[in-house]
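Heads up, the thing below is written out as structure tokens.
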Amino acid sequence: MSKKRKPLPSEPIEAVIESLAHDGRGIARVEGKTVFVHGALTGERVRFRLTRRLRRHDEAVVTEVLEPSAQRVEPRCAHFGVCGGCALQHMDPAAQIENKQAILADVLQRIGGLAPARWLPPLAAADAEAHWGYRRKARLGVRWVPKKGRVLVGFRERGSSFIADVQRCEVLHPAVGEHLEALARLIEGLSIRERLPQIEVAQGDGPVVLVFRVLDPPSAADCDRLLSFAAQSGFHVYLQEGGVETVRPLPGQEIELSYRLPNQGLTLAFEPNDFTQVNLELNRQMIDQALALLDPQPDERLLDLFCGLGNFTLPLARQARELVGVEGDAGLVARAQANAVRNGIENVRFYTADLYAQALPQTGAAAGAHSGARTVHQAGVQTGAQAGPHPSSLPLTAMPWLDHPFDKALLDPPRSGALEVLDWLASSGVQRILYVSCYPATLARDAAKLVGELGFRLEAAGAMDMFPHTAHLEAMALFERR
């Protein structure tokens, strides 16, 4: 017979917050048990209400701040604490990035047993106002709520599948964040309002594309309503009826999205569903820092793994002898190639390769330690007049981009990290690796392998505040051959 769970206490509990968890919640101890407290900051004395009891910890929400931290500020958004889009609006932005740098140090030490030889100054918005309205890529939930008799558009409530009832969003670019109510009213008038679960927002330096995910085809009247809204608002309306391959503009709505990298004199075009960084200012800072750390020389050959549409590849190519970019998404590779041509860059080659398909074989003297080499699906795409064959399946060691060793490499993997390529990368001749991470745990894991097994040292590391007011942490780490 299961043990009956004790009811949650109705009276608030008072405690001092000892530290912050990696998701931005305060950590308190009550009768020896850990409590994660939403809305609390380190050092504060607060009263909180328990919302959930678990075997190893409890969860709670602040009801009153008795002794506030010097880092506490008034949240700008009226919906903070309900909407799950942000976790740290109550914390001074300068303190947010300091906290993220401390979290990075903790994760590197705890998981990887490492500390860098030097810490990079954390990258953050240049001024206080730039911490707001920065987000140019987003997926907004949409829901028709019969009890309210209206549609809600926005991020989900914290810890819930419900859409937060908000009128505006302070972290979305104002072109979108100030028009959530208008979007909701638009959808309310559609015949398929109950069959439209989300909107993808895509914006570069210019106009905004809204991709409406529709589970049923819109009627002719629906399309007319969407086109009228587009004409009045300046948004460009696309529909998606299935997978990403079904994304299409309504008649007359097609537009080229792009963003500039002014310090490198580059413009990169992209499709609405392509991966791009949400924060253009931080992306530009990140590229400047990557160039400074890798320091490509005119006689060097560089490799960019998980290269996307060329965000790092093309700036690096401006300074190196040759760049090779490898990416698993063939569409992104096509866009990267087109961006190279568009910007007059001829010393770069792009290839499609599934770097996660399986463990990759090593090259050179280390290859003998890995018998039974497997293959990955690969199709090569080159820029310029040197375009060659597109092999459908080759062992990694036979791929045409391995015709010469590399001097330096950049890795920009997804959350799952880059563990599958590290053995091969270490045997490829690179002397310097720059790792751009969107998840510190896999960075720490991969760093431990590079340092502990593959002959590198962790030269430098630093946090990047790509998502202000959230607990999301991005980082950059530099590895040098010992």
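In the structure tokens, chains take the letters A, B, ... in the order shown, each chain's residues start at 1, and ligands count up from 1 in the order shown.
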When you look at stretch 311-315 of chain A with a cut-off of 7 Å (counting only C-alpha atoms), what residues show up, excluding the ones that are within fewer than 6 positions of it in the same chain? I need them as a PDB file with C-alpha atoms, in the first residue's frame.
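What follows is the written file part_21.pdb:
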ATOM      1  CA  GLN A 264      33.523  41.457 -40.927  1.00  0.00           C
ATOM      2  CA  ILE A 287      32.127  36.112 -33.558  1.00  0.00           C
ATOM      3  CA  ASP A 304      34.327  24.384 -38.571  1.00  0.00           C
ATOM      4  CA  LEU A 323      38.079  26.901 -44.372  1.00  0.00           C
ATOM      5  CA  GLY A 325      32.609  23.734 -42.865  1.00  0.00           C
ATOM      6  CA  ALA A 340      29.893  32.339 -49.423  1.00  0.00           C
TER       7      ALA A 340
END
Using only C-alpha atoms, find each residue in stretch 89-148 of chain A having at least one atom no more than 10 Å away from stretch 448-471 of chain A; report its shortest atom-to-atom pair and that distance in Å (one decimal), rows by chain then rising number, as JSON lines.
{"residue": "A:Gln89", "atom": "CA", "partner": "A:His469", "partner_atom": "CA", "distance": 5.0}
{"residue": "A:His90", "atom": "CA", "partner": "A:His469", "partner_atom": "CA", "distance": 8.3}
{"residue": "A:Met91", "atom": "CA", "partner": "A:His469", "partner_atom": "CA", "distance": 7.8}
{"residue": "A:Asp92", "atom": "CA", "partner": "A:His469", "partner_atom": "CA", "distance": 9.0}
{"residue": "A:Pro93", "atom": "CA", "partner": "A:Pro468", "partner_atom": "CA", "distance": 7.2}
{"residue": "A:Ala94", "atom": "CA", "partner": "A:Pro468", "partner_atom": "CA", "distance": 9.9}
{"residue": "A:Gln96", "atom": "CA", "partner": "A:His469", "partner_atom": "CA", "distance": 7.4}
{"residue": "A:Ile97", "atom": "CA", "partner": "A:Asp465", "partner_atom": "CA", "distance": 6.2}
{"residue": "A:Glu98", "atom": "CA", "partner": "A:Ala463", "partner_atom": "CA", "distance": 8.7}
{"residue": "A:Asn99", "atom": "CA", "partner": "A:Ala471", "partner_atom": "CA", "distance": 9.5}
{"residue": "A:Lys100", "atom": "CA", "partner": "A:Ala463", "partner_atom": "CA", "distance": 6.4}
{"residue": "A:Gln101", "atom": "CA", "partner": "A:Ala463", "partner_atom": "CA", "distance": 5.1}
{"residue": "A:Ala102", "atom": "CA", "partner": "A:Ala463", "partner_atom": "CA", "distance": 8.7}
{"residue": "A:Ile103", "atom": "CA", "partner": "A:Ala463", "partner_atom": "CA", "distance": 8.9}
{"residue": "A:Leu104", "atom": "CA", "partner": "A:Ala463", "partner_atom": "CA", "distance": 6.7}
{"residue": "A:Ala105", "atom": "CA", "partner": "A:Gly462", "partner_atom": "CA", "distance": 8.6}
{"residue": "A:Leu108", "atom": "CA", "partner": "A:Ala448", "partner_atom": "CA", "distance": 8.5}
{"residue": "A:Gln109", "atom": "CA", "partner": "A:Ala448", "partner_atom": "CA", "distance": 9.6}
{"residue": "A:Ile111", "atom": "CA", "partner": "A:Ala448", "partner_atom": "CA", "distance": 8.0}
{"residue": "A:Gly112", "atom": "CA", "partner": "A:Ala448", "partner_atom": "CA", "distance": 4.7}
{"residue": "A:Gly113", "atom": "CA", "partner": "A:Ala448", "partner_atom": "CA", "distance": 7.1}
{"residue": "A:Leu114", "atom": "CA", "partner": "A:Ala448", "partner_atom": "CA", "distance": 7.2}
{"residue": "A:Ala115", "atom": "CA", "partner": "A:Leu458", "partner_atom": "CA", "distance": 7.3}
{"residue": "A:Pro116", "atom": "CA", "partner": "A:Ala460", "partner_atom": "CA", "distance": 5.0}
{"residue": "A:Ala117", "atom": "CA", "partner": "A:Glu459", "partner_atom": "CA", "distance": 5.0}
{"residue": "A:Arg118", "atom": "CA", "partner": "A:Ala460", "partner_atom": "CA", "distance": 4.9}
{"residue": "A:Trp119", "atom": "CA", "partner": "A:Ala461", "partner_atom": "CA", "distance": 5.3}
{"residue": "A:Leu120", "atom": "CA", "partner": "A:Gly462", "partner_atom": "CA", "distance": 4.6}
{"residue": "A:Pro121", "atom": "CA", "partner": "A:Gly462", "partner_atom": "CA", "distance": 6.3}
{"residue": "A:Pro122", "atom": "CA", "partner": "A:Ala463", "partner_atom": "CA", "distance": 4.9}
{"residue": "A:Leu123", "atom": "CA", "partner": "A:Met464", "partner_atom": "CA", "distance": 4.6}
{"residue": "A:Ala124", "atom": "CA", "partner": "A:Asp465", "partner_atom": "CA", "distance": 5.1}
{"residue": "A:Ala125", "atom": "CA", "partner": "A:Asp465", "partner_atom": "CA", "distance": 7.6}
{"residue": "A:Ala130", "atom": "CA", "partner": "A:Pro468", "partner_atom": "CA", "distance": 9.3}
{"residue": "A:His131", "atom": "CA", "partner": "A:Pro468", "partner_atom": "CA", "distance": 5.9}
{"residue": "A:Trp132", "atom": "CA", "partner": "A:Pro468", "partner_atom": "CA", "distance": 7.7}
{"residue": "A:Gly133", "atom": "CA", "partner": "A:Pro468", "partner_atom": "CA", "distance": 9.9}
{"residue": "A:Tyr134", "atom": "CA", "partner": "A:Phe467", "partner_atom": "CA", "distance": 8.3}
{"residue": "A:Arg135", "atom": "CA", "partner": "A:Phe467", "partner_atom": "CA", "distance": 7.9}
Checklist entry - Any idea what the distance is between atom CA of A:Glu64 and atom CA of A:Glu129? => result 27.9 Å
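Distances here use only C-alpha atoms; by that measure, the residue among A:Glu194, A:Glu157, A:Glu241, A:Asp127 closest to A:Trp144 is A:Glu194.
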Checklist entry - Using the chain letters and numbers from this document, which residues of stretch 115-359 of chain A does DSSP assign to strand (DSSP E), as number ranges by chain? => result A: 118-119, 137-145, 150-154, 198-203, 208-213, 236-240, 248-249, 257-261, 266-270, 301-305, 322-327, 348-353
Item to check | Pick from A:Pro413, A:Gly26, A:Gly429, A:Gly177, whichever lies nearest to A:Lys137 using only C-alpha atoms | outcome: A:Gly177
Next on the checklist: Which residues are close to A:Gly204, i.e. within 8 Å by only C-alpha atoms, leaving aside same-chain residues fewer than 3 positions away? Reply as JSON, numbers by chain.
Outcome noted: {"A": [136, 207, 208, 257, 258, 259, 280]}
Could those residues be written to a file, using C-alpha atoms, as a CSV table (one decimal), in the first residue's frame?
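What follows is the written file out_7.csv:
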chain,number,residue,atom,x,y,z
A,136,ARG,CA,14.5,37.6,-32.8
A,207,PRO,CA,11.3,42.5,-41.5
A,208,VAL,CA,9.6,39.7,-39.4
A,257,LEU,CA,15.8,37.2,-44.3
A,258,SER,CA,19.3,38.2,-43.5
A,259,TYR,CA,21.6,39.6,-40.8
A,280,LEU,CA,22.1,39.5,-32.9
